[in-house]
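All remarks here apply to the structure that follows.
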Amino acid sequence: MREGMRIAAVGDIHGHEHLEAFRADLERLGDVDLMLLAGDTTERNDLEAFGEVLEAIRRRVDAPLWAVFGNNEYEHDRPAYVARYGDRYGVRFLQDESAAFEARGTRVRIIGSLGSLDRPTYWQRKNLPHLEAAYRHRIETLDGLAAGDDPRILLTHYPPTYATMGDEKDAWRPELGCKALEPVLLRRRPTLVVHGHIHKGIPFAELRPPRQTLDAFADAGAPVPVHNVAYPVRKSIPVFEF
C-alpha cells in the first residue's frame, strides 16, 4: 500500500494536437490523488476539443481535477468553460485563487492562475489593451496568495520566471513569461512551481536569488523548484509526490 500524496500535472495538450499521445500516457499514469491542468488544454478556444481532453482524462483518472486557464482558452469564454465542464467532469477551475487539498494525511495548498506576462503580446496590445494593467495587478494578487509557510504549489499557465525558458529567444521572453514574479517566488518560497506555455523550454530549473554580495550568499536559502509541464516539452505526464 503506497504512502504519500501523488499529484499529476500537465499543460498544453492543445486539444487534438496531442490528444492521442496523451491518451496513451494516461494509460501508463498509475494512481494519483489529484490531477492539475496547467492551461492550453484546448487550441484556439475550441470548446469541443476541451471536452474531449477532459473525457479522455475521466476515462482513466477518478481523482479530483483542478485546472487553470491558458491563453488558448479565451478570456471572454472562460465562464462558458466553467458552466459547461465544471460539474460535468468535476473540474475545479482556479482563477487567481488558493484552495487546500488533503489526501493520505497530507495537506497542500494550490494557488492557481493564468499568470502574467512582462509585456503583453502584440495581438494582446492591439486587441486587449486592458491586459497590461491586469498582468501588473496579478503580480500583487499572487504575492498575497502565496504567503505562508505551509506546503504550497503555485500552478500557472504562463511561467512566473525565465528560468525554464531554455531555447526561447531573449527578445521574446517578456511576451512568454514574467520575470517580475521571480522576487515573489524567492520571497514566498512555494514548495513547488508548476507552469506550462513554454514549448521550447526545459522541463526543470531551480530559481535562486542573484548572488552579487556576501549577504546574498548567506541569506539565499533553498532554491525554488520550477517545473515546466508543457506536453511538447515533457511528452509525458509528470507526477510529484508529497
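Ligands are numbered from 1 in the order shown, chains are lettered A, B, ... in the order of the C-alpha cells, and residues start at 1 in each chain.
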
Quick one: which range 18-127 of chain A residues come within 6 Å of range 138-155 of chain A, and what is the nearest atom pair for each with the distance in Å to one decimal, counting only C-alpha atoms, rows ordered by chain and ascending number, as JSON lines?
```
{"residue": "A:Val108", "atom": "CA", "partner": "A:Pro151", "partner_atom": "CA", "distance": 5.1}
{"residue": "A:Arg109", "atom": "CA", "partner": "A:Arg152", "partner_atom": "CA", "distance": 4.7}
{"residue": "A:Ile110", "atom": "CA", "partner": "A:Ile153", "partner_atom": "CA", "distance": 4.9}
{"residue": "A:Ile111", "atom": "CA", "partner": "A:Leu154", "partner_atom": "CA", "distance": 4.8}
{"residue": "A:Gly112", "atom": "CA", "partner": "A:Leu155", "partner_atom": "CA", "distance": 4.8}
```

With all heavy atoms kept, could you save the residues just selected as a PDB file, in the first residue's frame?
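And here's result07.pdb as it stands now:
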```pdb
ATOM      1  N   VAL A 108      -1.950  20.136   1.160  1.00  0.00           N
ATOM      2  CA  VAL A 108      -1.187  21.047   0.322  1.00  0.00           C
ATOM      3  C   VAL A 108      -2.136  22.118  -0.200  1.00  0.00           C
ATOM      4  O   VAL A 108      -3.316  21.857  -0.433  1.00  0.00           O
ATOM      5  CB  VAL A 108      -0.498  20.297  -0.851  1.00  0.00           C
ATOM      6  CG1 VAL A 108      -1.515  19.677  -1.789  1.00  0.00           C
ATOM      7  CG2 VAL A 108       0.445  21.216  -1.614  1.00  0.00           C
ATOM      8  N   ARG A 109      -1.630  23.323  -0.344  1.00  0.00           N
ATOM      9  CA  ARG A 109      -2.445  24.418  -0.863  1.00  0.00           C
ATOM     10  C   ARG A 109      -2.042  24.695  -2.309  1.00  0.00           C
ATOM     11  O   ARG A 109      -0.852  24.816  -2.616  1.00  0.00           O
ATOM     12  CB  ARG A 109      -2.252  25.661   0.004  1.00  0.00           C
ATOM     13  CG  ARG A 109      -3.199  26.793  -0.306  1.00  0.00           C
ATOM     14  CD  ARG A 109      -3.371  27.723   0.896  1.00  0.00           C
ATOM     15  NE  ARG A 109      -2.116  28.206   1.424  1.00  0.00           N
ATOM     16  CZ  ARG A 109      -1.508  29.330   1.010  1.00  0.00           C
ATOM     17  NH1 ARG A 109      -2.051  30.069   0.059  1.00  0.00           N
ATOM     18  NH2 ARG A 109      -0.361  29.713   1.554  1.00  0.00           N
ATOM     19  N   ILE A 110      -3.031  24.769  -3.193  1.00  0.00           N
ATOM     20  CA  ILE A 110      -2.798  25.035  -4.613  1.00  0.00           C
ATOM     21  C   ILE A 110      -3.185  26.484  -4.895  1.00  0.00           C
ATOM     22  O   ILE A 110      -4.316  26.897  -4.633  1.00  0.00           O
ATOM     23  CB  ILE A 110      -3.622  24.104  -5.519  1.00  0.00           C
ATOM     24  CG1 ILE A 110      -3.531  22.644  -5.058  1.00  0.00           C
ATOM     25  CG2 ILE A 110      -3.181  24.272  -6.974  1.00  0.00           C
ATOM     26  CD1 ILE A 110      -2.179  22.029  -5.185  1.00  0.00           C
ATOM     27  N   ILE A 111      -2.262  27.248  -5.430  1.00  0.00           N
ATOM     28  CA  ILE A 111      -2.515  28.621  -5.836  1.00  0.00           C
ATOM     29  C   ILE A 111      -2.565  28.621  -7.353  1.00  0.00           C
ATOM     30  O   ILE A 111      -1.566  28.316  -8.017  1.00  0.00           O
ATOM     31  CB  ILE A 111      -1.410  29.568  -5.335  1.00  0.00           C
ATOM     32  CG1 ILE A 111      -1.321  29.502  -3.800  1.00  0.00           C
ATOM     33  CG2 ILE A 111      -1.654  30.995  -5.807  1.00  0.00           C
ATOM     34  CD1 ILE A 111       0.067  29.504  -3.279  1.00  0.00           C
ATOM     35  N   GLY A 112      -3.741  28.891  -7.918  1.00  0.00           N
ATOM     36  CA  GLY A 112      -3.931  28.726  -9.355  1.00  0.00           C
ATOM     37  C   GLY A 112      -4.227  30.022 -10.071  1.00  0.00           C
ATOM     38  O   GLY A 112      -5.009  30.849  -9.589  1.00  0.00           O
TER      39      GLY A 112
END
```

Shell around Leu47 in chain A at 9 Å using only C-alpha atoms, local window under 5 positions removed, as a CSV table (one decimal) with N, CA and C atoms, in the first residue's frame:
```
chain,number,residue,atom,x,y,z
A,42,THR,N,-7.0,23.2,-24.6
A,42,THR,CA,-7.5,23.2,-26.0
A,42,THR,C,-6.7,24.1,-26.9
A,52,GLU,N,-13.2,17.0,-25.1
A,52,GLU,CA,-12.6,15.7,-25.5
A,52,GLU,C,-11.4,15.3,-24.6
A,73,GLU,N,-7.6,29.3,-24.0
A,73,GLU,CA,-9.0,29.4,-23.6
A,73,GLU,C,-9.3,30.9,-23.4
A,77,ASP,N,-14.7,33.7,-23.0
A,77,ASP,CA,-15.5,32.4,-22.9
A,77,ASP,C,-15.2,31.6,-21.7
A,80,ALA,N,-18.0,30.2,-19.9
A,80,ALA,CA,-18.7,29.1,-20.6
A,80,ALA,C,-18.0,27.7,-20.3
A,81,TYR,N,-16.6,27.8,-20.2
A,81,TYR,CA,-15.9,26.5,-19.9
A,81,TYR,C,-16.3,26.0,-18.5
A,84,ARG,N,-20.0,24.7,-18.6
A,84,ARG,CA,-20.2,23.5,-19.5
A,84,ARG,C,-19.5,22.3,-18.9
```

Nearest to Glu168 in chain A by atom-to-atom distance, counting only C-alpha atoms, from A:Leu54, A:Ile202, A:Ala21, A:Ala49: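 The closest residue to Glu168 in chain A is A:Ile202.
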
query: Could you write out, as a list of chain:residue names, all the residues of range 83-182 of chain A that DSSP marks as strand (DSSP E or B)?
result: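 Taking range 83-182 of chain A and keeping strand (DSSP E or B) only, one gets A:Val91, A:Arg92, A:Phe93, A:Glu97, A:Ser98, A:Ala99, A:Ala100, A:Phe101, A:Glu102, A:Ala103, A:Thr106, A:Arg107, A:Val108, A:Arg109, A:Ile110, A:Ile111, A:Gly112, A:Ser113, A:Arg152, A:Ile153, A:Leu154, A:Leu155, A:Thr156.
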
message: So that I can check the surroundings of Met165 in chain A, please list as a list in words every protein, DNA and RNA residue that reaches within 10 Å of it, counting only C-alpha atoms and ignoring chain neighbours fewer than 5 positions away.
response: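 Contacts, in chain order: Pro159, Asp170, Arg173, Leu176, Gly177, His197, Ile198, His199, Lys200, Gly201, Ile202, Pro203, Phe204, Ala205 and Asn228 of chain A.
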
Pull the closest atom pair for each residue of range 177-213 of chain A that gets at most 8 Å from range 7-14 of chain A, along with the distance in Å to one decimal, counting only C-alpha atoms, ordering rows by chain and then ascending residue number, as JSON lines.
```
{"residue": "A:Val194", "atom": "CA", "partner": "A:Ala9", "partner_atom": "CA", "distance": 7.7}
{"residue": "A:His195", "atom": "CA", "partner": "A:Gly11", "partner_atom": "CA", "distance": 7.4}
{"residue": "A:Gly196", "atom": "CA", "partner": "A:Gly11", "partner_atom": "CA", "distance": 5.1}
{"residue": "A:His197", "atom": "CA", "partner": "A:Asp12", "partner_atom": "CA", "distance": 6.4}
```

Write a file of the just-selected residues containing all heavy atoms, as a PDB file, in the first residue's frame.
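Below you can see again-v6.pdb, which holds the result:
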```pdb
ATOM      1  N   VAL A 194       4.663  25.045 -10.778  1.00  0.00           N
ATOM      2  CA  VAL A 194       4.305  24.257 -11.955  1.00  0.00           C
ATOM      3  C   VAL A 194       3.685  25.194 -12.981  1.00  0.00           C
ATOM      4  O   VAL A 194       2.766  25.946 -12.660  1.00  0.00           O
ATOM      5  CB  VAL A 194       3.301  23.143 -11.590  1.00  0.00           C
ATOM      6  CG1 VAL A 194       2.851  22.398 -12.843  1.00  0.00           C
ATOM      7  CG2 VAL A 194       3.914  22.171 -10.593  1.00  0.00           C
ATOM      8  N   HIS A 195       4.175  25.144 -14.224  1.00  0.00           N
ATOM      9  CA  HIS A 195       3.634  26.001 -15.280  1.00  0.00           C
ATOM     10  C   HIS A 195       3.668  25.275 -16.615  1.00  0.00           C
ATOM     11  O   HIS A 195       4.272  24.212 -16.761  1.00  0.00           O
ATOM     12  CB  HIS A 195       4.410  27.320 -15.373  1.00  0.00           C
ATOM     13  CG  HIS A 195       5.792  27.168 -15.945  1.00  0.00           C
ATOM     14  ND1 HIS A 195       6.042  27.084 -17.294  1.00  0.00           N
ATOM     15  CD2 HIS A 195       7.009  27.072 -15.350  1.00  0.00           C
ATOM     16  CE1 HIS A 195       7.340  26.953 -17.507  1.00  0.00           C
ATOM     17  NE2 HIS A 195       7.952  26.925 -16.346  1.00  0.00           N
ATOM     18  N   GLY A 196       3.025  25.869 -17.613  1.00  0.00           N
ATOM     19  CA  GLY A 196       3.059  25.371 -18.983  1.00  0.00           C
ATOM     20  C   GLY A 196       3.568  26.451 -19.926  1.00  0.00           C
ATOM     21  O   GLY A 196       4.460  27.210 -19.602  1.00  0.00           O
ATOM     22  N   HIS A 197       3.017  26.465 -21.148  1.00  0.00           N
ATOM     23  CA  HIS A 197       3.170  27.534 -22.140  1.00  0.00           C
ATOM     24  C   HIS A 197       4.480  27.509 -22.922  1.00  0.00           C
ATOM     25  O   HIS A 197       4.497  27.877 -24.093  1.00  0.00           O
ATOM     26  CB  HIS A 197       2.994  28.898 -21.477  1.00  0.00           C
ATOM     27  CG  HIS A 197       2.846  30.033 -22.450  1.00  0.00           C
ATOM     28  ND1 HIS A 197       1.833  30.067 -23.397  1.00  0.00           N
ATOM     29  CD2 HIS A 197       3.578  31.182 -22.647  1.00  0.00           C
ATOM     30  CE1 HIS A 197       1.937  31.176 -24.109  1.00  0.00           C
ATOM     31  NE2 HIS A 197       2.984  31.852 -23.686  1.00  0.00           N
TER      32      HIS A 197
END
```

Could you give me, as an mmCIF file with C-alpha atoms, in the first residue's frame, each residue of range 26-190 of chain A that DSSP assigns to alpha helix (DSSP H) when run on this structure's backbone?
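Listing of selection.cif after writing:
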```cif
data_model
loop_
_atom_site.group_PDB
_atom_site.id
_atom_site.type_symbol
_atom_site.label_atom_id
_atom_site.label_comp_id
_atom_site.auth_asym_id
_atom_site.auth_seq_id
_atom_site.Cartn_x
_atom_site.Cartn_y
_atom_site.Cartn_z
ATOM 1 C CA LEU A 26 -2.973 8.308 -19.291
ATOM 2 C CA GLU A 27 -2.971 4.512 -19.590
ATOM 3 C CA LEU A 47 -14.660 24.221 -26.505
ATOM 4 C CA GLU A 48 -15.458 20.836 -28.044
ATOM 5 C CA ALA A 49 -11.821 19.755 -28.036
ATOM 6 C CA PHE A 50 -11.502 20.910 -24.435
ATOM 7 C CA GLY A 51 -14.300 18.499 -23.566
ATOM 8 C CA GLU A 52 -12.633 15.666 -25.461
ATOM 9 C CA VAL A 53 -9.471 16.078 -23.400
ATOM 10 C CA LEU A 54 -11.491 16.001 -20.189
ATOM 11 C CA GLU A 55 -13.363 12.930 -21.384
ATOM 12 C CA ALA A 56 -10.038 11.180 -22.031
ATOM 13 C CA ILE A 57 -8.873 12.036 -18.533
ATOM 14 C CA ARG A 58 -12.067 10.856 -16.889
ATOM 15 C CA ARG A 78 -13.997 31.249 -19.628
ATOM 16 C CA PRO A 79 -17.380 31.381 -17.869
ATOM 17 C CA ALA A 80 -18.665 29.055 -20.610
ATOM 18 C CA TYR A 81 -15.892 26.530 -19.889
ATOM 19 C CA VAL A 82 -16.788 26.570 -16.205
ATOM 20 C CA ALA A 83 -20.530 26.229 -16.839
ATOM 21 C CA ARG A 84 -20.162 23.516 -19.451
ATOM 22 C CA TYR A 85 -17.488 21.327 -17.913
ATOM 23 C CA GLY A 86 -17.091 22.161 -14.222
ATOM 24 C CA ASP A 87 -19.864 19.948 -12.873
ATOM 25 C CA ARG A 88 -19.931 17.520 -15.790
ATOM 26 C CA TYR A 89 -16.332 16.381 -15.319
ATOM 27 C CA TYR A 122 1.426 42.348 -29.998
ATOM 28 C CA TRP A 123 -2.022 40.822 -30.529
ATOM 29 C CA GLN A 124 -2.936 41.459 -26.912
ATOM 30 C CA ARG A 125 -1.729 45.059 -27.055
ATOM 31 C CA LYS A 126 -3.841 45.625 -30.153
ATOM 32 C CA ASN A 127 -6.991 43.752 -29.136
ATOM 33 C CA LEU A 131 -4.306 43.135 -20.064
ATOM 34 C CA GLU A 132 -1.247 45.257 -19.294
ATOM 35 C CA ALA A 133 -2.872 46.539 -16.104
ATOM 36 C CA ALA A 134 -4.336 43.103 -15.360
ATOM 37 C CA TYR A 135 -0.908 41.477 -15.550
ATOM 38 C CA ARG A 136 0.592 44.057 -13.182
ATOM 39 C CA HIS A 137 -2.258 43.603 -10.727
ATOM 40 C CA ARG A 138 -1.923 39.810 -10.858
ATOM 41 C CA ILE A 139 1.637 40.020 -9.553
ATOM 42 C CA GLU A 140 0.309 41.662 -6.388
ATOM 43 C CA THR A 141 -2.514 39.132 -6.178
ATOM 44 C CA LEU A 142 -0.193 36.142 -6.424
ATOM 45 C CA ASP A 143 2.180 37.687 -3.901
ATOM 46 C CA GLY A 144 -0.628 37.751 -1.379
ATOM 47 C CA LEU A 145 -1.969 34.302 -2.214
ATOM 48 C CA GLU A 182 10.739 35.950 -9.582
ATOM 49 C CA PRO A 183 11.156 38.160 -6.472
ATOM 50 C CA VAL A 184 7.734 36.946 -5.305
ATOM 51 C CA LEU A 185 8.816 33.305 -5.668
ATOM 52 C CA LEU A 186 12.054 33.946 -3.813
ATOM 53 C CA ARG A 187 10.291 35.795 -1.009
ATOM 54 C CA ARG A 188 7.296 33.449 -0.615
#
```

- request: Work out how far CA of Arg92 in chain A is from CA of Leu37 in chain A, in Å to one decimal.
  value: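 Separation of CA of Leu37 in chain A and CA of Arg92 in chain A: 10.1 Å.
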
message: Set the distance at 7 Å and use only C-alpha atoms: which residues neighbour Cys178 in chain A once local chain neighbours fewer than 4 positions away are removed? I'd like the list as number ranges by chain.
response: A: 116-118, 159-162, 174

query: Leu114 in chain A: which residues within 6 Å, counting only C-alpha atoms, same-chain residues fewer than 3 positions away excluded, as a VMD selection string?
result: chain A and resid 68 to 70 156 to 157

Selected residues written out with C-alpha atoms, as a short mmCIF file (atom, residue, chain, number, x, y, z; two decimals), in the first residue's frame:
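Saved as out-v8.cif:
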```cif
data_model
loop_
_atom_site.label_atom_id
_atom_site.label_comp_id
_atom_site.auth_asym_id
_atom_site.auth_seq_id
_atom_site.Cartn_x
_atom_site.Cartn_y
_atom_site.Cartn_z
CA VAL A 68 -6.12 26.93 -14.68
CA PHE A 69 -6.86 28.56 -18.00
CA GLY A 70 -4.27 29.25 -20.69
CA THR A 156 0.14 28.91 -13.56
CA HIS A 157 -0.03 28.74 -17.32
#
```

task: Just give me the gap between CA of Asp62 in chain A and CA of Asp40 in chain A in Å, one decimal is fine.
output: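 If I compute the distance from CA of Asp62 in chain A to CA of Asp40 in chain A, I get 21.4 Å.
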
field: For CA of Val239 in chain A and CA of Asp46 in chain A, the interatomic separation in Å (one decimal)
entry: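 Rounded to one decimal, the two atoms are 27.0 Å apart.
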
task: Between A:Ala171, A:Ala222, A:Leu65, A:Val193, single out the one closest to Phe93 in chain A, counting only C-alpha atoms.
output: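 Checking each candidate against Phe93 in chain A, we get A:Leu65 as the closest.
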